[in-house]
Amino acid sequence: MTSGGGAIAIAIDALDVAYGARTVLRGATARIRAGTMTAVVGPNGAGKSTLLRAVMGMLPFTGSVRVLGGSIEACRTRVAYVPQRAAVDWDFPITVRQVAEMGVHARLGWFGLRGRRTRREAIEALEDVGLADLAGRPIGELSGGQQQRAFMARALAQRADLVLLDEPFASIDATTERDLLALLSGLRDRGTTVVVVHHDLGTVRERFDDAVLVRGTVIAHGAARDVMTDEWIARTYGDAPRTGAAPS
Amino acid sequence: MIAALAGLLADPHARTVLATTATLGASCGLAGTLLVLRRRALLGDAAGHATLPGIVGAGALSLSLGGTGREPWVLVTGAALGALAGIAVVHAIRRATRLPADAAMAIALGSLFGLGTAMLSALQQVEGGHGAGLESLVTGDAATLVRADLHAAAAVAAACILLATALRDDLRALAFDEDFSRSVGRPAGWLDALVSALAIANIVAGMRAVGLVLSVALLVIPAAAARPWCRTMGGMMSLAAVIGAAGAVAGTVASAAIDDAPTGPFVVLACGALLAASLAIAPRARVTAAGAAA
């Protein structure tokens, strides 16, 4: 399976990743087209999050990963990464506005000017996700869906060309999922490349341009209508449980 | 208590002692907040205990070269090297074994403190050594503090305030969401090294006042007491500094009222009382957050 034309935002070739003796990904090769919304799907433990972390250069790997035409180190300020909710200490003393400000700080670098402008841009991002009223609240007092919106605001504040989200819709309400999907589609329409680790196979077909199917390697990648077929899904999931698969 | 404090304030030496312990308490509260929020409290404990073999080794070296065995710069250097060695041992154990972090820290803490205690006993056997009076550094003796100690404590406090303020955005991002911090290219290793260095500086500056065994309590307890009342890291650092200073002064005054009482245990007890009061008054939900923070 190959992608169609257009610029490539992420090029992964012969990627191997191992945690100690356990190999998680072997020989993964994929192309993610710039300006598309791409879903990374596969069963639990398939290596989806690992694929994202390798793209971010956050773990050792062999093979080649090129992001926005070069090394990830050369373009970190152009990439926004939203980790899994479980990876974060939600009891941390930080307000919703400060979470959004992290996105502005990331863009400004070490000695960027901070202050009123940072604050205004953070509030604008919070308005986009419908959280401006809760800007002064500690993040721990928010619901799971609201916390995910705050993370989305942080990613928006980064004004990145490439946004990677690791299971942003895990254990959140349907309204938040719909709103966040609309926000991500809007980003894509303005030229941002959006990559989402996602579980709901039904929405992948409806809402995403492309898909990357993962199970220990990249099983298939390309336009969602081409790869989200019963055959490829069966090869990816095997006997593993699948969520939201459309009836065949 | 108030009368005892008023009595102490009349004496210039006592004023120096109180100013030193108050400054240390404030500085420890600030640095301890960073340590607690980054979940590195036990690493601070390991570093604190590891200062003992460093101090005794430095004292013995000084004696063997004809020194007194307790020149301040010698002991401070020994303590800092010991603390660094303690952290290095923790990392070495983790690399060489598959033990979890808490086990590695407990091993380093116990074995290095054991080594230090054994070295201290050996030094006490040596003629003219008498342990060089080093045992007071284990539990602290605020009565021995002089103006140089106040200056050292003030310098450490100033460094803590300066660095924590200048790097607050990066320190907050790392402690709250390490993956995000790494994703935007912030140097987690250097920021963690800075947090460790601030903790070590406080432990070394405070060893004559509260002792190196209990110094970690002065780092951790004020932060835990402040947690239920604060919505931001900056607020928590400020409140922990106030609680640390209050606990340090109260403990120093209490220990001064009893002949030959070590200062460290009284300071820790005073801080512990403030923590208990904080948790008793704070709303229930917030106490849970403090438990998670500690």
# chains A, B, ... in the order shown; residues from 1 in each chain; ligands from 1
>>> interface_residues(of="chain A", to="chain B", cutoff="7 Å", atoms="only C-alpha atoms", output="VMD selection string")
chain A and resid 56 76 to 77 81 to 83 88 to 89 91 to 95 102 106 138
>>> residues_around(residues="Ala199 in chain B", least_positions_apart="2", cutoff="9 Å", atoms="only C-alpha atoms", output="short mmCIF file (atom, residue, chain, number, x, y, z; two decimals) with N, CA and C atoms, in the first residue's frame")
data_model
loop_
_atom_site.label_atom_id
_atom_site.label_comp_id
_atom_site.auth_asym_id
_atom_site.auth_seq_id
_atom_site.Cartn_x
_atom_site.Cartn_y
_atom_site.Cartn_z
N CYS B 28 14.83 25.42 52.07
CA CYS B 28 14.48 24.00 51.94
C CYS B 28 13.04 23.84 51.47
N ALA B 31 13.14 24.56 47.61
CA ALA B 31 13.79 23.49 46.84
C ALA B 31 13.04 22.17 47.02
N GLY B 32 12.52 21.95 48.23
CA GLY B 32 11.80 20.70 48.50
C GLY B 32 10.54 20.57 47.67
N LEU B 34 10.17 21.55 44.61
CA LEU B 34 10.61 21.03 43.31
C LEU B 34 10.89 19.53 43.40
N LEU B 35 11.55 19.15 44.51
CA LEU B 35 11.92 17.74 44.70
C LEU B 35 10.66 16.86 44.81
N GLY B 44 16.63 12.65 47.42
CA GLY B 44 17.18 13.63 48.35
C GLY B 44 17.62 12.97 49.64
N ALA B 47 20.84 11.15 49.03
CA ALA B 47 21.95 12.11 48.94
C ALA B 47 22.32 12.61 50.33
N GLY B 48 21.31 12.89 51.16
CA GLY B 48 21.57 13.39 52.52
C GLY B 48 22.37 12.40 53.34
N LEU B 194 19.71 19.94 38.03
CA LEU B 194 19.57 21.21 38.76
C LEU B 194 18.76 21.02 40.04
N VAL B 195 17.63 20.27 39.94
CA VAL B 195 16.81 20.03 41.13
C VAL B 195 17.63 19.28 42.18
N SER B 196 18.40 18.27 41.75
CA SER B 196 19.25 17.52 42.68
C SER B 196 20.30 18.44 43.29
N ALA B 197 20.90 19.30 42.47
CA ALA B 197 21.95 20.19 42.97
C ALA B 197 21.40 21.15 44.02
N ALA B 201 22.66 21.30 47.83
CA ALA B 201 23.15 22.57 48.40
C ALA B 201 22.44 22.87 49.72
N ASN B 202 21.13 22.62 49.77
CA ASN B 202 20.38 22.85 51.00
C ASN B 202 20.79 21.89 52.11
N ILE B 203 20.99 20.62 51.73
CA ILE B 203 21.40 19.62 52.72
C ILE B 203 22.75 20.00 53.33
N VAL B 204 23.69 20.39 52.47
CA VAL B 204 25.04 20.73 52.94
C VAL B 204 25.00 22.01 53.78
N VAL B 216 16.46 15.93 54.89
CA VAL B 216 15.47 15.65 53.85
C VAL B 216 14.06 15.92 54.36
N LEU B 219 13.21 19.31 53.74
CA LEU B 219 12.91 19.53 52.32
C LEU B 219 11.48 19.10 51.98
#
>>> atom_distance(atom1="CA of Trp232 in chain A", atom2="CA of Arg31 in chain A")
17.1 Å
>>> residues_around(residues="Ala170 in chain A", least_positions_apart="5", cutoff="10 Å", atoms="only C-alpha atoms", output="PyMOL selection string")
chain A and resi 84-86+144-145+148+177+197-200
>>> write_last_selection(atoms="N, CA and C atoms", output="mmCIF file, in the first residue's frame")
data_model
loop_
_atom_site.group_PDB
_atom_site.id
_atom_site.type_symbol
_atom_site.label_atom_id
_atom_site.label_comp_id
_atom_site.auth_asym_id
_atom_site.auth_seq_id
_atom_site.Cartn_x
_atom_site.Cartn_y
_atom_site.Cartn_z
ATOM 1 N N GLN A 84 -0.528 10.344 26.136
ATOM 2 C CA GLN A 84 -1.714 9.713 26.727
ATOM 3 C C GLN A 84 -2.040 10.360 28.065
ATOM 4 N N ARG A 85 -3.328 10.410 28.374
ATOM 5 C CA ARG A 85 -3.743 11.022 29.634
ATOM 6 C C ARG A 85 -3.106 10.337 30.834
ATOM 7 N N ALA A 86 -2.907 9.018 30.728
ATOM 8 C CA ALA A 86 -2.375 8.257 31.860
ATOM 9 C C ALA A 86 -0.929 8.629 32.177
ATOM 10 N N GLY A 144 -12.395 14.323 32.823
ATOM 11 C CA GLY A 144 -11.453 13.758 31.863
ATOM 12 C C GLY A 144 -11.552 14.426 30.503
ATOM 13 N N GLY A 145 -12.786 14.683 30.068
ATOM 14 C CA GLY A 145 -12.984 15.326 28.768
ATOM 15 C C GLY A 145 -12.439 16.739 28.749
ATOM 16 N N GLN A 148 -8.713 16.711 28.538
ATOM 17 C CA GLN A 148 -8.267 16.469 27.173
ATOM 18 C C GLN A 148 -8.405 17.737 26.330
ATOM 19 N N GLU A 177 -15.395 14.154 22.223
ATOM 20 C CA GLU A 177 -14.773 13.485 21.074
ATOM 21 C C GLU A 177 -15.199 14.161 19.774
ATOM 22 N N VAL A 197 -3.542 8.453 17.262
ATOM 23 C CA VAL A 197 -3.719 7.050 17.634
ATOM 24 C C VAL A 197 -5.173 6.901 18.084
ATOM 25 N N HIS A 198 -5.882 5.997 17.429
ATOM 26 C CA HIS A 198 -7.330 5.979 17.590
ATOM 27 C C HIS A 198 -7.834 4.543 17.642
ATOM 28 N N HIS A 199 -8.943 4.328 18.376
ATOM 29 C CA HIS A 199 -9.464 2.976 18.541
ATOM 30 C C HIS A 199 -10.735 2.711 17.757
ATOM 31 N N ASP A 200 -11.491 3.773 17.483
ATOM 32 C CA ASP A 200 -12.824 3.585 16.923
ATOM 33 C C ASP A 200 -12.736 3.466 15.396
#
>>> residues_around(residues="Leu109 in chain B", least_positions_apart="6", cutoff="7 Å", atoms="only C-alpha atoms", output="PyMOL selection string")
chain B and resi 46+49-50
>>> write_last_selection(atoms="C-alpha atoms", output="mmCIF file, in the first residue's frame")
data_model
loop_
_atom_site.group_PDB
_atom_site.id
_atom_site.type_symbol
_atom_site.label_atom_id
_atom_site.label_comp_id
_atom_site.auth_asym_id
_atom_site.auth_seq_id
_atom_site.Cartn_x
_atom_site.Cartn_y
_atom_site.Cartn_z
ATOM 1 C CA ALA B 46 19.809 9.059 49.719
ATOM 2 C CA HIS B 49 22.683 10.115 54.091
ATOM 3 C CA ALA B 50 25.533 9.779 51.601
#
>>> closest_residue(among="B:Thr165, B:Ser62, B:Thr97, B:Ser121", to="Ser238 in chain B", atoms="only C-alpha atoms")
B:Thr165
>>> residues_around(residues="range 208-212 of chain A", least_positions_apart="6", cutoff="7 Å", atoms="only C-alpha atoms", output="PyMOL selection string")
chain A and resi 36-41+218+220-224+227
>>> select_by_dssp(residues="range 25-169 of chain A", states="strand (DSSP E or B)", output="VMD selection string")
chain A and resid 25 to 33 37 to 41 62 to 67 70 79 to 82 95 138 162 to 166
>>> residues_around(residues="range 8-13 of chain B", least_positions_apart="3", cutoff="8 Å", atoms="only C-alpha atoms", output="list of chain:residue names")
B:Ala4, B:Leu5, B:Thr16, B:Val17, B:Val146, B:Val253
>>> write_last_selection(atoms="C-alpha atoms", output="PDB file, in the first residue's frame")
ATOM      1  CA  ALA B   4      11.641  31.846  74.969  1.00  0.00           C
ATOM      2  CA  LEU B   5      11.758  33.472  71.532  1.00  0.00           C
ATOM      3  CA  THR B  16      22.349  34.662  64.109  1.00  0.00           C
ATOM      4  CA  VAL B  17      21.230  31.129  64.915  1.00  0.00           C
ATOM      5  CA  VAL B 146      28.218  31.350  63.329  1.00  0.00           C
ATOM      6  CA  VAL B 253      13.690  27.663  70.019  1.00  0.00           C
TER       7      VAL B 253
END
>>> closest_residue(among="B:Thr139, B:Ser27, B:Ser255, B:Ser111", to="Ala152 in chain B", atoms="only C-alpha atoms")
B:Ser27
>>> closest_residue(among="B:Ile2, B:Val267, B:Ala205, B:Ala157", to="Trp73 in chain B", atoms="only C-alpha atoms")
B:Ala205
>>> atom_distance(atom1="CA of Ala122 in chain B", atom2="CA of Ala80 in chain B")
21.5 Å
>>> select_by_dssp(residues="range 9-188 of chain A", states="alpha helix (DSSP H)", output="ChimeraX atom specification")
/A:48-55,96-108,116-128,144-157,174-188
>>> atom_distance(atom1="CA of Leu142 in chain A", atom2="CA of Ala174 in chain A")
16.4 Å
>>> residues_around(residues="range 180-194 of chain A", least_positions_apart="5", cutoff="6 Å", atoms="only C-alpha atoms", output="ChimeraX atom specification")
/A:34-37,161-163
>>> write_last_selection(atoms="C-alpha atoms", output="compact mmCIF listing (two decimals), in the first residue's frame")
# COMPACT_ATOMS: atom_id res chain seq x y z
CA ALA A 34 1.33 16.48 4.72
CA GLY A 35 -1.97 18.24 5.28
CA THR A 36 -3.93 15.08 5.98
CA MET A 37 -5.64 13.67 9.03
CA ASP A 161 2.67 22.22 11.40
CA LEU A 162 2.38 18.64 12.65
CA VAL A 163 0.21 17.49 15.57
>>> decode(residues="range 43-158 of chain A", atoms="C-alpha atoms", output="short mmCIF file (atom, residue, chain, number, x, y, z; two decimals), in the first residue's frame")
data_model
loop_
_atom_site.label_atom_id
_atom_site.label_comp_id
_atom_site.auth_asym_id
_atom_site.auth_seq_id
_atom_site.Cartn_x
_atom_site.Cartn_y
_atom_site.Cartn_z
CA PRO A 43 -4.98 -3.75 18.78
CA ASN A 44 -3.69 -3.04 22.30
CA GLY A 45 0.06 -3.54 22.58
CA ALA A 46 0.47 -3.36 18.79
CA GLY A 47 3.09 -0.59 19.04
CA LYS A 48 0.97 2.45 18.05
CA SER A 49 2.21 4.68 20.89
CA THR A 50 5.73 3.37 20.34
CA LEU A 51 5.49 4.44 16.69
CA LEU A 52 4.55 7.97 17.78
CA ARG A 53 7.30 8.12 20.39
CA ALA A 54 9.85 6.98 17.81
CA VAL A 55 8.68 9.76 15.49
CA MET A 56 9.21 12.20 18.39
CA GLY A 57 12.71 10.80 18.96
CA MET A 58 11.75 9.90 22.53
CA LEU A 59 13.13 6.35 22.49
CA PRO A 60 16.09 4.59 20.86
CA PHE A 61 15.43 2.89 17.51
CA THR A 62 17.14 1.67 14.40
CA GLY A 63 15.99 2.56 10.91
CA SER A 64 15.05 5.93 9.52
CA VAL A 65 12.46 8.48 10.63
CA ARG A 66 12.24 11.80 8.80
CA VAL A 67 9.87 14.48 10.07
CA LEU A 68 8.91 17.51 7.95
CA GLY A 69 11.79 16.68 5.62
CA GLY A 70 14.55 16.28 8.20
CA SER A 71 15.47 15.13 11.67
CA ILE A 72 12.93 15.64 14.48
CA GLU A 73 15.61 17.55 16.39
CA ALA A 74 15.63 20.16 13.63
CA CYS A 75 11.87 20.81 13.80
CA ARG A 76 10.68 20.26 17.39
CA THR A 77 9.13 23.73 17.58
CA ARG A 78 6.98 22.83 14.55
CA VAL A 79 5.62 19.63 16.10
CA ALA A 80 3.01 19.32 18.86
CA TYR A 81 2.80 16.03 20.78
CA VAL A 82 -0.11 15.19 23.08
CA PRO A 83 0.77 12.21 25.31
CA GLN A 84 -1.71 9.71 26.73
CA ARG A 85 -3.74 11.02 29.63
CA ALA A 86 -2.37 8.26 31.86
CA ALA A 87 1.17 9.60 31.44
CA VAL A 88 0.41 12.79 33.35
CA ASP A 89 0.17 13.65 37.08
CA TRP A 90 -3.33 15.18 37.21
CA ASP A 91 -2.92 16.14 40.90
CA PHE A 92 -0.15 18.56 39.95
CA PRO A 93 -0.66 22.16 41.16
CA ILE A 94 -1.16 23.82 37.78
CA THR A 95 -4.05 25.85 36.40
CA VAL A 96 -5.78 25.28 33.08
CA ARG A 97 -4.29 28.53 31.76
CA GLN A 98 -0.78 27.43 32.74
CA VAL A 99 -1.29 24.18 30.81
CA ALA A 100 -2.20 26.16 27.69
CA GLU A 101 0.74 28.52 28.30
CA MET A 102 3.10 25.52 28.09
CA GLY A 103 2.26 25.43 24.39
CA VAL A 104 3.19 29.10 23.94
CA HIS A 105 6.43 28.64 25.92
CA ALA A 106 7.41 25.67 23.72
CA ARG A 107 7.23 27.95 20.69
CA LEU A 108 9.10 30.82 22.33
CA GLY A 109 12.09 28.75 23.45
CA TRP A 110 14.41 29.50 26.36
CA PHE A 111 14.58 33.26 26.20
CA GLY A 112 11.38 34.13 24.39
CA LEU A 113 9.42 37.11 25.65
CA ARG A 114 6.83 36.00 28.16
CA GLY A 115 4.06 37.81 29.90
CA ARG A 116 0.91 39.43 28.59
CA ARG A 117 1.18 38.03 25.08
CA THR A 118 1.75 34.50 26.39
CA ARG A 119 -1.30 34.86 28.55
CA ARG A 120 -3.46 36.21 25.72
CA GLU A 121 -2.47 33.45 23.32
CA ALA A 122 -3.15 30.81 25.96
CA ILE A 123 -6.62 32.25 26.59
CA GLU A 124 -7.32 32.32 22.84
CA ALA A 125 -6.43 28.62 22.60
CA LEU A 126 -8.68 27.89 25.59
CA GLU A 127 -11.52 29.78 23.89
CA ASP A 128 -11.09 27.55 20.83
CA VAL A 129 -11.68 24.44 22.95
CA GLY A 130 -14.43 26.02 25.08
CA LEU A 131 -12.46 26.15 28.33
CA ALA A 132 -11.79 29.91 28.72
CA ASP A 133 -14.24 30.08 31.66
CA LEU A 134 -12.20 27.50 33.57
CA ALA A 135 -8.79 29.11 32.91
CA GLY A 136 -8.08 29.74 36.60
CA ARG A 137 -9.11 26.30 37.83
CA PRO A 138 -6.58 23.64 38.88
CA ILE A 139 -6.34 20.98 36.14
CA GLY A 140 -7.16 18.26 38.69
CA GLU A 141 -10.66 19.68 39.25
CA LEU A 142 -11.66 19.15 35.61
CA SER A 143 -13.41 16.12 34.11
CA GLY A 144 -11.45 13.76 31.86
CA GLY A 145 -12.98 15.33 28.77
CA GLN A 146 -12.15 18.85 29.95
CA GLN A 147 -8.58 17.78 30.72
CA GLN A 148 -8.27 16.47 27.17
CA ARG A 149 -9.61 19.80 25.88
CA ALA A 150 -6.92 21.58 27.92
CA PHE A 151 -4.27 19.41 26.27
CA MET A 152 -5.82 20.22 22.91
CA ALA A 153 -5.57 23.94 23.77
CA ARG A 154 -1.89 23.45 24.60
CA ALA A 155 -1.33 21.80 21.20
CA LEU A 156 -3.23 24.64 19.46
CA ALA A 157 -1.08 27.21 21.30
CA GLN A 158 2.02 25.55 19.86
#
